[in-house]
file upload-v5.cif (mmCIF, C-alpha atoms)
data_work
#
loop_
_atom_site.label_atom_id
_atom_site.label_comp_id
_atom_site.auth_asym_id
_atom_site.auth_seq_id
_atom_site.Cartn_x
_atom_site.Cartn_y
_atom_site.Cartn_z
CA MET H 753 29.14 -19.13 40.53
CA GLN H 754 27.93 -16.40 38.16
CA THR H 755 30.51 -14.40 36.23
CA MET H 756 30.07 -10.67 35.65
CA SER H 757 31.80 -8.52 33.07
CA ILE H 758 33.49 -5.38 34.34
CA GLU H 759 30.88 -3.33 32.44
CA THR H 760 28.07 -5.10 34.29
CA ALA H 761 29.83 -4.63 37.62
CA ARG H 762 30.30 -0.94 36.85
CA ARG H 763 26.61 -0.41 36.02
CA THR H 764 25.64 -2.34 39.15
CA ALA H 765 27.85 -0.11 41.29
CA LEU H 766 26.57 3.09 39.70
CA ALA H 767 22.95 2.05 40.17
CA ALA H 768 23.59 1.13 43.81
CA GLN H 769 25.05 4.60 44.42
CA GLY H 770 22.08 6.37 42.84
CA PHE H 771 23.57 7.39 39.49
CA ALA H 772 20.94 5.47 37.53
CA ASP H 773 18.09 7.25 39.29
CA PRO H 774 16.44 10.17 37.48
CA ARG H 775 17.22 13.56 38.95
CA PRO H 776 14.31 15.52 40.45
CA ALA H 777 12.36 17.51 37.87
CA GLY H 778 11.57 20.33 40.31
CA GLU H 779 13.14 21.69 43.47
CA VAL H 780 15.06 19.13 45.48
CA ASN H 781 13.37 18.46 48.81
CA ARG H 782 13.72 16.34 51.92
CA ARG H 783 12.17 13.30 50.22
CA HIS H 784 14.78 13.42 47.47
CA LEU H 785 17.53 13.73 50.07
CA GLN H 786 16.24 10.63 51.84
CA ARG H 787 16.32 8.73 48.55
CA ALA H 788 19.95 9.73 47.97
CA LEU H 789 20.88 8.79 51.55
CA GLY H 790 19.16 5.47 51.01
CA ARG H 791 21.77 4.85 48.30
CA THR H 792 24.95 6.18 49.92
CA LYS H 793 24.01 5.22 53.52
CA LEU H 794 26.30 7.94 54.91
CA LEU H 795 28.10 11.18 54.07
CA GLN H 796 31.77 11.55 55.00
CA LEU H 797 32.78 14.73 56.80
CA ASP H 798 36.03 16.52 56.07
CA SER H 799 37.44 19.91 57.03
CA VAL H 800 38.76 20.85 53.56
CA ASN H 801 36.72 23.70 52.11
CA VAL H 802 38.63 24.53 48.93
CA ALA H 803 35.63 23.98 46.68
CA VAL H 804 32.75 22.73 48.87
CA ARG H 805 32.57 20.72 52.10
CA ALA H 806 32.75 16.99 51.47
CA HIS H 807 29.34 16.11 52.95
CA TYR H 808 27.45 18.49 50.65
CA MET H 809 28.91 17.36 47.33
CA PRO H 810 27.71 13.73 47.06
CA VAL H 811 24.11 14.92 47.40
CA TYR H 812 24.68 17.46 44.63
CA SER H 813 26.38 14.84 42.43
CA ARG H 814 23.27 12.67 42.58
CA LEU H 815 20.42 15.21 42.77
CA GLY H 816 21.76 18.38 41.20
CA ALA H 817 21.34 21.84 42.70
CA TYR H 818 19.55 21.77 46.04
CA PRO H 819 18.73 24.33 48.74
CA ALA H 820 21.74 25.28 50.82
CA ASP H 821 20.16 24.31 54.15
CA LEU H 822 18.74 20.93 53.12
CA VAL H 823 21.60 18.82 54.52
CA ASP H 824 22.20 21.14 57.49
CA ASP H 825 18.54 20.91 58.46
CA ALA H 826 18.61 17.11 58.21
CA ALA H 827 21.79 16.80 60.27
CA TRP H 828 21.71 19.54 62.89
CA SER H 829 18.16 20.59 63.63
CA HIS H 830 15.11 18.84 65.01
CA ARG H 831 11.47 19.78 65.02
CA SER H 832 8.49 17.58 65.76
CA ARG H 833 7.22 17.83 62.19
CA ARG H 834 10.71 17.57 60.66
CA PRO H 835 12.76 15.26 62.86
CA ARG H 836 16.51 14.98 62.52
CA LEU H 837 17.52 12.48 59.81
CA LEU H 838 21.28 12.27 60.42
CA VAL H 839 23.68 12.06 63.33
CA GLU H 840 27.47 12.19 63.48
CA TYR H 841 29.77 9.35 64.38
CA TRP H 842 32.85 7.44 63.20
CA ALA H 843 31.57 5.25 60.34
CA HIS H 844 33.71 5.63 57.21
CA GLU H 845 35.90 8.11 59.06
CA ALA H 846 33.87 10.95 60.61
CA SER H 847 30.46 10.72 58.96
CA LEU H 848 26.83 11.67 58.97
CA ILE H 849 24.76 8.49 59.26
CA PRO H 850 21.00 7.92 59.44
CA VAL H 851 19.75 8.33 62.99
CA GLU H 852 18.35 4.79 62.98
CA ASP H 853 21.83 3.37 62.22
CA TRP H 854 23.43 4.83 65.35
CA PRO H 855 22.80 1.68 67.45
CA LEU H 856 24.72 -0.40 64.87
CA LEU H 857 27.88 1.37 66.04
CA ARG H 858 27.42 0.94 69.79
CA TRP H 859 30.07 -1.82 69.78
CA ARG H 860 32.50 0.67 68.23
CA MET H 861 31.73 3.20 70.93
CA ARG H 862 32.72 0.64 73.53
CA GLU H 863 35.92 -0.28 71.64
CA TYR H 864 36.86 3.34 70.96
CA GLY H 865 36.14 4.26 74.55
CA GLY H 866 38.82 1.83 75.70
CA ALA H 867 41.27 2.79 72.96
CA TRP H 868 40.87 6.52 73.51
CA ARG H 869 41.18 6.16 77.27
CA ARG H 870 44.54 4.48 76.68
CA LYS H 871 45.49 7.22 74.21
CA PHE H 872 44.69 9.97 76.72
CA ARG H 873 45.81 8.07 79.79
CA THR H 874 48.25 10.79 80.82
CA LEU H 875 45.54 13.42 80.59
CA LEU H 876 43.09 11.32 82.61
CA GLU H 877 45.70 10.72 85.28
CA ARG H 878 46.62 14.39 85.44
CA ALA H 879 43.04 15.72 85.31
CA PRO H 880 40.81 12.85 86.51
CA GLN H 881 37.80 15.11 87.04
CA LEU H 882 37.91 16.75 83.60
CA VAL H 883 35.69 14.25 81.78
CA ASP H 884 32.96 14.49 84.39
CA ASP H 885 33.29 18.29 84.38
CA VAL H 886 32.89 18.41 80.60
CA LEU H 887 29.79 16.20 80.74
CA ALA H 888 28.25 18.36 83.45
CA ALA H 889 29.00 21.56 81.53
CA VAL H 890 27.52 20.21 78.30
CA LYS H 891 24.42 19.14 80.22
CA ASP H 892 24.01 22.70 81.50
CA LEU H 893 25.13 24.66 78.44
CA GLY H 894 24.93 22.46 75.33
CA PRO H 895 25.07 22.52 72.43
CA ILE H 896 28.47 24.09 72.99
CA GLY H 897 31.88 24.13 71.31
CA ALA H 898 35.15 22.97 72.84
CA GLY H 899 36.50 26.52 72.98
CA ALA H 900 33.54 27.76 74.98
CA LEU H 901 33.79 24.73 77.26
CA GLU H 902 37.46 25.44 77.85
CA ARG H 903 36.65 29.00 78.89
CA GLU H 904 33.81 27.78 81.10
CA LEU H 905 36.07 25.24 82.82
CA GLY H 906 38.97 27.62 83.25
CA GLY H 907 41.20 26.49 80.41
CA GLY H 908 43.48 23.54 79.89
CA GLN H 909 47.05 22.69 79.00
CA LYS H 910 48.04 23.06 75.36
CA GLN H 911 49.26 19.92 73.62
CA GLY H 912 51.80 20.23 70.79
CA THR H 913 52.91 23.26 68.80
CA GLY H 914 51.41 22.98 65.29
CA PRO H 915 47.94 24.21 64.28
CA TRP H 916 46.56 20.68 63.81
CA TRP H 917 47.86 19.46 67.19
CA ASN H 918 47.42 22.55 69.35
CA ARG H 919 44.32 21.18 71.06
CA THR H 920 43.43 21.71 74.67
CA ASP H 921 42.79 19.10 77.26
CA THR H 922 39.14 20.10 77.08
CA LYS H 923 38.99 19.30 73.35
CA HIS H 924 40.61 15.92 73.97
CA ALA H 925 38.04 15.18 76.66
CA CYS H 926 35.23 16.12 74.27
CA GLU H 927 36.60 13.82 71.57
CA LEU H 928 36.97 10.98 74.07
CA LEU H 929 33.35 11.38 75.11
CA PHE H 930 32.25 11.63 71.47
CA ALA H 931 34.09 8.39 70.66
CA MET H 932 32.39 6.69 73.60
CA GLY H 933 28.95 7.88 72.45
CA GLU H 934 28.43 9.92 75.62
CA LEU H 935 28.50 13.15 73.61
CA THR H 936 27.37 13.78 70.06
CA THR H 937 27.04 16.78 67.77
CA GLY H 938 24.00 18.85 68.59
CA ALA H 939 24.67 21.44 65.91
CA ARG H 940 27.47 23.00 63.88
CA ARG H 941 28.53 26.62 63.72
CA GLY H 942 30.44 26.97 60.50
CA PHE H 943 32.32 23.71 60.72
CA GLU H 944 32.78 23.85 64.50
CA ARG H 945 31.21 20.91 66.29
CA LEU H 946 28.84 21.92 69.09
CA TYR H 947 28.63 19.05 71.55
CA ASP H 948 25.42 17.91 73.21
CA LEU H 949 24.07 14.92 75.10
CA PRO H 950 22.75 12.07 72.91
CA GLU H 951 19.45 12.06 74.82
CA ARG H 952 18.80 15.60 73.57
CA VAL H 953 19.63 14.67 69.98
CA LEU H 954 18.39 11.12 69.39
CA PRO H 955 14.95 9.53 69.85
CA ALA H 956 14.44 7.38 72.92
CA ASP H 957 14.00 4.17 70.91
CA VAL H 958 17.31 4.74 69.11
CA LEU H 959 19.10 5.39 72.39
CA ALA H 960 17.62 2.26 73.93
CA ALA H 961 18.64 -0.05 71.08
CA ASP H 962 21.88 -1.98 71.60
CA PRO H 963 22.05 -5.01 69.27
CA GLU H 964 24.51 -7.81 69.79
CA ASP H 965 27.88 -7.01 68.23
CA ASP H 966 27.65 -9.66 65.49
CA VAL H 967 24.10 -8.59 64.61
CA ALA H 968 25.18 -4.97 64.34
CA VAL H 969 28.19 -5.77 62.18
CA ARG H 970 26.06 -7.93 59.90
CA GLY H 971 23.69 -4.99 59.52
CA LEU H 972 26.60 -2.73 58.56
CA VAL H 973 27.95 -5.19 56.00
CA GLU H 974 24.52 -5.54 54.44
CA ARG H 975 24.33 -1.76 54.17
CA SER H 976 27.77 -1.78 52.57
CA ALA H 977 26.56 -4.32 50.03
CA GLN H 978 23.46 -2.29 49.27
CA ALA H 979 25.55 0.83 48.77
CA LEU H 980 28.16 -0.88 46.59
CA GLY H 981 25.94 -3.25 44.62
CA VAL H 982 28.88 -5.57 44.05
CA GLY H 983 32.25 -5.67 45.78
CA THR H 984 34.96 -7.83 47.28
CA GLU H 985 34.99 -8.65 50.96
CA ALA H 986 37.63 -5.94 51.41
CA ASP H 987 35.36 -3.43 49.64
CA LEU H 988 32.45 -4.33 51.91
CA ARG H 989 34.70 -4.08 54.96
CA ASP H 990 36.05 -0.65 54.02
CA TYR H 991 32.67 1.10 53.82
CA TYR H 992 32.33 1.17 57.62
CA ARG H 993 36.01 0.50 58.37
CA LEU H 994 35.44 -2.94 59.89
CA SER H 995 38.09 -5.49 60.81
CA PRO H 996 38.73 -8.47 58.49
CA ALA H 997 37.48 -10.92 61.12
CA GLN H 998 34.23 -9.00 61.62
CA SER H 999 33.62 -8.60 57.91
CA LYS H 1000 34.41 -12.16 56.86
CA GLN H 1001 32.04 -13.63 59.44
CA ALA H 1002 29.25 -11.25 58.43
CA VAL H 1003 29.76 -11.91 54.72
CA ALA H 1004 29.59 -15.66 55.28
CA GLU H 1005 26.35 -15.32 57.25
CA LEU H 1006 24.79 -13.01 54.66
CA VAL H 1007 25.70 -15.47 51.90
CA GLU H 1008 24.10 -18.28 53.89
CA ASP H 1009 20.97 -16.16 54.35
CA GLY H 1010 20.79 -15.46 50.62
CA LEU H 1011 21.31 -11.70 50.97
CA LEU H 1012 24.71 -11.83 49.27
CA GLU H 1013 25.50 -13.82 46.14
CA PRO H 1014 29.11 -14.84 45.42
CA VAL H 1015 30.14 -13.80 41.89
CA THR H 1016 33.28 -13.59 39.81
CA VAL H 1017 34.08 -10.28 38.14
CA HIS H 1018 36.34 -10.41 35.08
CA GLY H 1019 39.74 -8.94 35.90
CA TRP H 1020 39.28 -8.97 39.69
CA ARG H 1021 41.72 -11.13 41.59
CA GLN H 1022 39.48 -11.55 44.62
CA PRO H 1023 36.00 -13.13 44.81
CA ALA H 1024 33.12 -10.66 44.79
CA TYR H 1025 29.65 -10.50 46.31
CA ARG H 1026 26.54 -8.97 44.82
CA HIS H 1027 23.66 -7.85 46.98
CA ALA H 1028 20.50 -9.82 46.25
CA GLY H 1029 18.56 -6.63 45.57
CA ALA H 1030 21.16 -4.99 43.31
CA ARG H 1031 19.90 -3.59 40.00
CA VAL H 1032 21.76 -3.79 36.70
CA PRO H 1033 20.50 -1.05 34.37
CA ARG H 1034 21.08 -1.50 30.64
CA LYS H 1035 22.96 1.78 30.57
CA VAL H 1036 23.81 4.70 32.82
CA THR H 1037 23.63 8.19 31.41
CA GLY H 1038 24.20 11.68 32.73
CA ARG H 1039 27.10 13.64 34.15
CA ALA H 1040 28.44 14.36 37.63
CA LEU H 1041 31.49 15.88 39.25
CA LEU H 1042 32.67 13.76 42.18
CA CYS H 1043 34.49 15.14 45.21
CA PRO H 1044 37.47 13.17 46.56
CA PHE H 1045 35.32 11.83 49.41
CA ASP H 1046 32.42 10.57 47.32
CA PRO H 1047 31.54 6.99 48.33
CA LEU H 1048 31.61 5.87 44.69
CA ILE H 1049 35.36 6.48 44.53
CA TRP H 1050 36.72 6.72 48.08
CA GLU H 1051 38.16 3.17 47.98
CA ARG H 1052 40.86 3.91 45.42
CA SER H 1053 41.69 0.32 44.43
CA ARG H 1054 38.01 -0.38 43.74
CA THR H 1055 37.81 2.78 41.63
CA GLU H 1056 40.71 1.48 39.57
CA ARG H 1057 39.17 -1.99 39.23
CA LEU H 1058 35.77 -0.64 38.19
CA PHE H 1059 36.73 2.30 36.00
CA GLY H 1060 40.39 1.82 35.09
CA PHE H 1061 40.87 5.19 36.80
CA ARG H 1062 43.90 5.62 39.06
CA TYR H 1063 43.04 8.29 41.61
CA ARG H 1064 44.98 9.69 44.54
CA ILE H 1065 44.25 12.79 46.58
CA GLU H 1066 47.25 15.13 46.46
CA ILE H 1067 46.44 17.54 49.29
CA TYR H 1068 49.46 16.36 51.26
CA VAL H 1069 51.80 16.19 48.26
CA PRO H 1070 54.18 19.18 47.89
CA GLU H 1071 52.91 21.38 45.08
CA PRO H 1072 55.86 20.79 42.69
CA LYS H 1073 55.27 17.04 42.93
CA ARG H 1074 51.51 17.07 42.30
CA GLN H 1075 50.42 15.38 39.10
CA TYR H 1076 46.93 16.84 38.79
CA GLY H 1077 46.37 19.37 41.55
CA TYR H 1078 45.40 20.08 45.15
CA TYR H 1079 41.68 19.11 45.21
CA VAL H 1080 40.79 17.11 42.13
CA PHE H 1081 37.27 16.07 41.12
CA PRO H 1082 36.81 13.10 38.76
CA PHE H 1083 34.18 13.67 36.06
CA LEU H 1084 31.60 10.94 35.50
CA LEU H 1085 29.94 10.93 32.08
CA ASP H 1086 27.51 8.26 30.88
CA GLY H 1087 28.84 5.68 33.32
CA LYS H 1088 32.57 6.27 32.80
CA LEU H 1089 35.20 8.43 34.51
CA VAL H 1090 36.45 10.44 31.54
CA ALA H 1091 38.30 13.44 33.02
CA ARG H 1092 39.46 15.13 36.19
CA VAL H 1093 39.57 18.78 37.21
CA ASP H 1094 41.35 20.63 39.99
CA LEU H 1095 38.76 22.93 41.57
CA LYS H 1096 38.79 25.92 43.87
CA ALA H 1097 35.83 28.12 44.80
CA ASP H 1098 37.24 31.65 44.76
CA ARG H 1099 34.49 33.32 46.74
CA ALA H 1100 36.22 36.70 46.84
CA ALA H 1101 36.38 36.86 43.04
CA GLY H 1102 33.03 35.10 42.59
CA VAL H 1103 34.33 32.36 40.27
CA LEU H 1104 34.90 28.62 40.29
CA ARG H 1105 38.56 28.27 39.39
CA VAL H 1106 39.84 25.28 37.42
CA PRO H 1107 43.64 25.42 37.70
CA GLY H 1108 43.95 22.13 35.80
CA ALA H 1109 41.78 19.96 33.54
CA PHE H 1110 42.84 16.53 32.30
CA ALA H 1111 41.24 13.98 29.98
CA GLU H 1112 41.48 10.25 30.58
CA PRO H 1113 43.20 8.18 27.87
CA GLY H 1114 40.80 7.34 25.06
CA ALA H 1115 38.15 9.86 26.12
CA ASP H 1116 36.08 11.38 23.32
CA LEU H 1117 37.07 15.02 23.74
CA ALA H 1118 34.36 16.28 21.43
CA ALA H 1119 31.79 14.78 23.83
CA VAL H 1120 33.62 15.41 27.09
CA VAL H 1121 34.46 19.11 26.75
CA PRO H 1122 30.93 20.55 26.36
CA GLU H 1123 29.53 18.25 29.04
CA LEU H 1124 32.32 19.13 31.47
CA ALA H 1125 31.90 22.83 30.73
CA GLY H 1126 28.19 22.51 31.43
CA ALA H 1127 28.81 20.61 34.67
CA LEU H 1128 31.27 23.24 35.88
CA GLY H 1129 28.87 26.05 35.04
CA ASP H 1130 26.08 24.26 36.91
CA MET H 1131 28.29 23.74 39.96
CA ALA H 1132 29.40 27.37 39.96
CA ALA H 1133 25.78 28.50 39.89
CA TRP H 1134 24.87 26.15 42.75
CA LEU H 1135 27.73 27.59 44.81
CA GLY H 1136 26.53 31.12 44.11
CA LEU H 1137 29.55 31.94 41.94
CA GLY H 1138 29.31 34.06 38.83
CA GLY H 1139 31.27 31.90 36.42
CA VAL H 1140 34.12 29.51 35.70
CA ALA H 1141 37.77 30.48 35.22
CA VAL H 1142 39.93 27.79 33.59
CA GLY H 1143 43.69 27.88 34.12
CA GLU H 1144 46.54 26.63 31.98
CA ARG H 1145 47.33 23.13 33.26
CA GLY H 1146 46.20 19.95 31.52
CA ASP H 1147 45.36 18.76 28.04
CA LEU H 1148 41.74 19.88 28.38
CA ALA H 1149 42.50 23.41 29.56
CA THR H 1150 42.46 25.25 26.22
CA ALA H 1151 39.32 23.62 24.86
CA LEU H 1152 37.55 23.85 28.22
CA ARG H 1153 38.40 27.53 28.57
CA THR H 1154 36.80 28.21 25.20
CA ALA H 1155 33.75 26.10 26.04
CA THR H 1156 33.16 27.71 29.44
CA ARG H 1157 33.34 31.16 27.87
CA GLY H 1158 30.73 30.02 25.39
CA ASN H 1159 28.46 29.09 28.28
CA ASP H 1160 28.69 32.53 29.93
#
call {"tool": "encode", "arguments": {"input": "upload-v5.cif", "output": "structure tokens"}}
result
Amino acid sequence: MQTMSIETARRTALAAQGFADPRPAGEVNRRHLQRALGRTKLLQLDSVNVAVRAHYMPVYSRLGAYPADLVDDAAWSHRSRRPRLLVEYWAHEASLIPVEDWPLLRWRMREYGGAWRRKFRTLLERAPQLVDDVLAAVKDLGPIGAGALERELGGGQKQGTGPWWNRTDTKHACELLFAMGELTTGARRGFERLYDLPERVLPADVLAADPEDDVAVRGLVERSAQALGVGTEADLRDYYRLSPAQSKQAVAELVEDGLLEPVTVHGWRQPAYRHAGARVPRKVTGRALLCPFDPLIWERSRTERLFGFRYRIEIYVPEPKRQYGYYVFPFLLDGKLVARVDLKADRAAGVLRVPGAFAEPGADLAAVVPELAGALGDMAAWLGLGGVAVGERGDLATALRTATRGND
């Protein structure tokens, strides 16, 4: 079994995620987006909008500034000459996935359908006609949001008292049908999901495909391996949130087929697997800010194994107990995670705020500060903000504040 150094594993992972690819020289277009999606395989969706929505940032991290509607057009519009590239479903949490990968999750739609029917059993017993009524209304009116459906169907009973749980029966029915694959997202208005029928969103050949469960799972694990370059079985499993039994069987079959190669990575306790097509560049250069939901770092234990970078999202931590901040972006420079910054897009003031900026132990501050200042200025410009405002927290704050002023 081949042994890999941690440096080799890190370069393999970065190349697999697209960070060894040259950035476009001109305007970023649909072809560049497809290349980036070929690396990441999916884009995670999240409602937090403190700096920028989670599904937009990984594309920016790999390609640089791109037109605001590039991802929206790929995900939520369809024209004969520019067909839809992405569709929403539960992959690594709620995600945008390539349209052609939708059949690989049909088994999950069946499983989730049963699980969500049990979850909403009381609702289904109390309002047995609601699901059929929602489907009929979407057929007539879609794409349409849950609120509009509720009004169309005459309302529903509120569930819970808090803002995150105050959802109507109609919304629950929509989510049940989405989980079952009987509804999908036809478009988005702001971040509101507008439901539609899959047959109005997906091509006929995609709708007709329904691979055997083990074939589909093997396809997902291979995509995980392509996206990670090298990873443990648990890493491969996490990318599409598979069960251990599913993943272990698929990994064994992919090893037997020669698509995965077992390797040992120095310092890793568990065996690892490298995809047969993984590249190992001699070096990785360049800089990128990474949102908390970037696929390079979303599996926190792997991030620590690869980069020696302990990372936790602190959104749900009370402010006095936060170590780094509310919405913290790691900073990748020349293949290493060298700093982290708490970011907030203050659209009213027209600035990208940096309440805190922190260097990693051993980072070369003379190299990190100007590169981080440049990356923040670039991101502010992409977001349509006039500048960068650095706060007081963190050992990088003073130097970064001076550097960002110098870039004005």
call {"tool": "residues_around", "arguments": {"input": "upload-v5.cif", "residues": "H:Ala1040", "least_positions_apart": "5", "cutoff": "9 Å", "atoms": "all atoms listed in the file", "output": "list of chain:residue names"}}
result
H:Phe771, H:Tyr812, H:Ser813, H:Arg814, H:Gly816, H:Pro1082, H:Phe1083, H:Leu1084, H:Leu1085, H:Leu1124, H:Ala1127
call {"tool": "resolve_selection", "arguments": {"input": "upload-v5.cif", "expression": "the PyMOL selection byres ((chain H and resi 1117) around 12)", "output": "PyMOL selection string"}}
result
chain H and resi 1085+1090-1091+1109-1116+1118-1125+1147-1152+1155
call {"tool": "resolve_selection", "arguments": {"input": "upload-v5.cif", "expression": "the PyMOL selection byres ((chain H and resi 944) around 10)", "output": "ChimeraX atom specification"}}
result
/H:799,896-899,937,939-943,945-947
call {"tool": "residues_around", "arguments": {"input": "upload-v5.cif", "residues": "stretch 985-989 of chain H", "least_positions_apart": "3", "cutoff": "7 Å", "atoms": "only C-alpha atoms", "output": "PDB file with C-alpha atoms, keeping the file's coordinate frame"}}
result
ATOM      1  CA  VAL H 973      27.950  -5.190  56.000  1.00  0.00           C
ATOM      2  CA  SER H 976      27.770  -1.780  52.570  1.00  0.00           C
ATOM      3  CA  ALA H 977      26.560  -4.320  50.030  1.00  0.00           C
ATOM      4  CA  TYR H 992      32.330   1.170  57.620  1.00  0.00           C
ATOM      5  CA  ARG H 993      36.010   0.500  58.370  1.00  0.00           C
ATOM      6  CA  LEU H 994      35.440  -2.940  59.890  1.00  0.00           C
ATOM      7  CA  SER H 995      38.090  -5.490  60.810  1.00  0.00           C
ATOM      8  CA  PRO H 996      38.730  -8.470  58.490  1.00  0.00           C
ATOM      9  CA  SER H 999      33.620  -8.600  57.910  1.00  0.00           C
ATOM     10  CA  LYS H1000      34.410 -12.160  56.860  1.00  0.00           C
ATOM     11  CA  ALA H1024      33.120 -10.660  44.790  1.00  0.00           C
TER      12      ALA H1024
END
call {"tool": "atom_distance", "arguments": {"input": "upload-v5.cif", "atom1": "atom CA of H:Gly1126", "atom2": "atom CA of H:Ala777"}}
result
17.8 Å
call {"tool": "atom_distance", "arguments": {"input": "upload-v5.cif", "atom1": "atom CA of H:Pro955", "atom2": "atom CA of H:Val851"}}
result
8.5 Å
call {"tool": "atom_distance", "arguments": {"input": "upload-v5.cif", "atom1": "atom CA of H:Val800", "atom2": "atom CA of H:Phe1045"}}
result
10.5 Å
call {"tool": "resolve_selection", "arguments": {"input": "upload-v5.cif", "expression": "the PyMOL selection byres ((chain H and resi 1138-1140) around 9)", "output": "CSV table (one decimal) with C-alpha atoms, keeping the file's coordinate frame"}}
result
chain,number,residue,atom,x,y,z
H,1101,ALA,CA,36.4,36.9,43.0
H,1102,GLY,CA,33.0,35.1,42.6
H,1103,VAL,CA,34.3,32.4,40.3
H,1104,LEU,CA,34.9,28.6,40.3
H,1105,ARG,CA,38.6,28.3,39.4
H,1106,VAL,CA,39.8,25.3,37.4
H,1125,ALA,CA,31.9,22.8,30.7
H,1128,LEU,CA,31.3,23.2,35.9
H,1129,GLY,CA,28.9,26.0,35.0
H,1132,ALA,CA,29.4,27.4,40.0
H,1133,ALA,CA,25.8,28.5,39.9
H,1135,LEU,CA,27.7,27.6,44.8
H,1136,GLY,CA,26.5,31.1,44.1
H,1137,LEU,CA,29.6,31.9,41.9
H,1141,ALA,CA,37.8,30.5,35.2
H,1142,VAL,CA,39.9,27.8,33.6
H,1153,ARG,CA,38.4,27.5,28.6
H,1156,THR,CA,33.2,27.7,29.4
H,1157,ARG,CA,33.3,31.2,27.9
H,1160,ASP,CA,28.7,32.5,29.9
call {"tool": "residues_around", "arguments": {"input": "upload-v5.cif", "residues": "H:Ala889", "least_positions_apart": "3", "cutoff": "12 Å", "atoms": "all atoms listed in the file", "output": "MDAnalysis selection string"}}
result
chainID H and resid 882:886 892:898 900:906 922 926 935 947:949
call {"tool": "residues_near_point", "arguments": {"input": "upload-v5.cif", "point": "(39.1, 8.3, 49.6)", "cutoff": "8 Å", "atoms": "all atoms listed in the file", "output": "list in words"}}
result
Pro1044, Phe1045, Asp1046, Pro1047, Ile1049, Trp1050, Glu1051, Arg1052, Arg1064 and Ile1065 of chain H
call {"tool": "write_last_selection", "arguments": {"input": "upload-v5.cif", "atoms": "C-alpha atoms", "output": "mmCIF file, in the coordinates of the input"}}
result
data_model
loop_
_atom_site.group_PDB
_atom_site.id
_atom_site.type_symbol
_atom_site.label_atom_id
_atom_site.label_comp_id
_atom_site.auth_asym_id
_atom_site.auth_seq_id
_atom_site.Cartn_x
_atom_site.Cartn_y
_atom_site.Cartn_z
ATOM 1 C CA PRO H 1044 37.470 13.170 46.560
ATOM 2 C CA PHE H 1045 35.320 11.830 49.410
ATOM 3 C CA ASP H 1046 32.420 10.570 47.320
ATOM 4 C CA PRO H 1047 31.540 6.990 48.330
ATOM 5 C CA ILE H 1049 35.360 6.480 44.530
ATOM 6 C CA TRP H 1050 36.720 6.720 48.080
ATOM 7 C CA GLU H 1051 38.160 3.170 47.980
ATOM 8 C CA ARG H 1052 40.860 3.910 45.420
ATOM 9 C CA ARG H 1064 44.980 9.690 44.540
ATOM 10 C CA ILE H 1065 44.250 12.790 46.580
#
call {"tool": "residues_around", "arguments": {"input": "upload-v5.cif", "residues": "H:Pro1033", "least_positions_apart": "5", "cutoff": "12 Å", "atoms": "only C-alpha atoms", "output": "PDB file with C-alpha atoms, keeping the file's coordinate frame"}}
result
ATOM      1  CA  GLU H 759      30.880  -3.330  32.440  1.00  0.00           C
ATOM      2  CA  THR H 760      28.070  -5.100  34.290  1.00  0.00           C
ATOM      3  CA  ALA H 761      29.830  -4.630  37.620  1.00  0.00           C
ATOM      4  CA  ARG H 762      30.300  -0.940  36.850  1.00  0.00           C
ATOM      5  CA  ARG H 763      26.610  -0.410  36.020  1.00  0.00           C
ATOM      6  CA  THR H 764      25.640  -2.340  39.150  1.00  0.00           C
ATOM      7  CA  ALA H 765      27.850  -0.110  41.290  1.00  0.00           C
ATOM      8  CA  LEU H 766      26.570   3.090  39.700  1.00  0.00           C
ATOM      9  CA  ALA H 767      22.950   2.050  40.170  1.00  0.00           C
ATOM     10  CA  ALA H 768      23.590   1.130  43.810  1.00  0.00           C
ATOM     11  CA  GLY H 770      22.080   6.370  42.840  1.00  0.00           C
ATOM     12  CA  PHE H 771      23.570   7.390  39.490  1.00  0.00           C
ATOM     13  CA  ALA H 772      20.940   5.470  37.530  1.00  0.00           C
ATOM     14  CA  ASP H 773      18.090   7.250  39.290  1.00  0.00           C
ATOM     15  CA  GLY H 981      25.940  -3.250  44.620  1.00  0.00           C
ATOM     16  CA  GLY H1087      28.840   5.680  33.320  1.00  0.00           C
TER      17      GLY H1087
END
call {"tool": "residues_around", "arguments": {"input": "upload-v5.cif", "residues": "H:Gln978", "least_positions_apart": "5", "cutoff": "9 Å", "atoms": "only C-alpha atoms", "output": "number ranges by chain"}}
result
H: 768-769, 791-793, 973, 1026-1030
call {"tool": "residues_near_point", "arguments": {"input": "upload-v5.cif", "point": "(42.9, 17.9, 37.0)", "cutoff": "6 Å", "atoms": "only C-alpha atoms", "output": "list in words"}}
result
Tyr1076, Gly1077, Val1080, Arg1092, Val1093, Asp1094, Gly1108, Ala1109 and Phe1110 of chain H
call {"tool": "closest_residue", "arguments": {"input": "upload-v5.cif", "among": "H:Asp853, H:Glu1008, H:Glu951, H:Glu863", "to": "H:Leu928", "atoms": "all atoms listed in the file"}}
result
H:Glu863
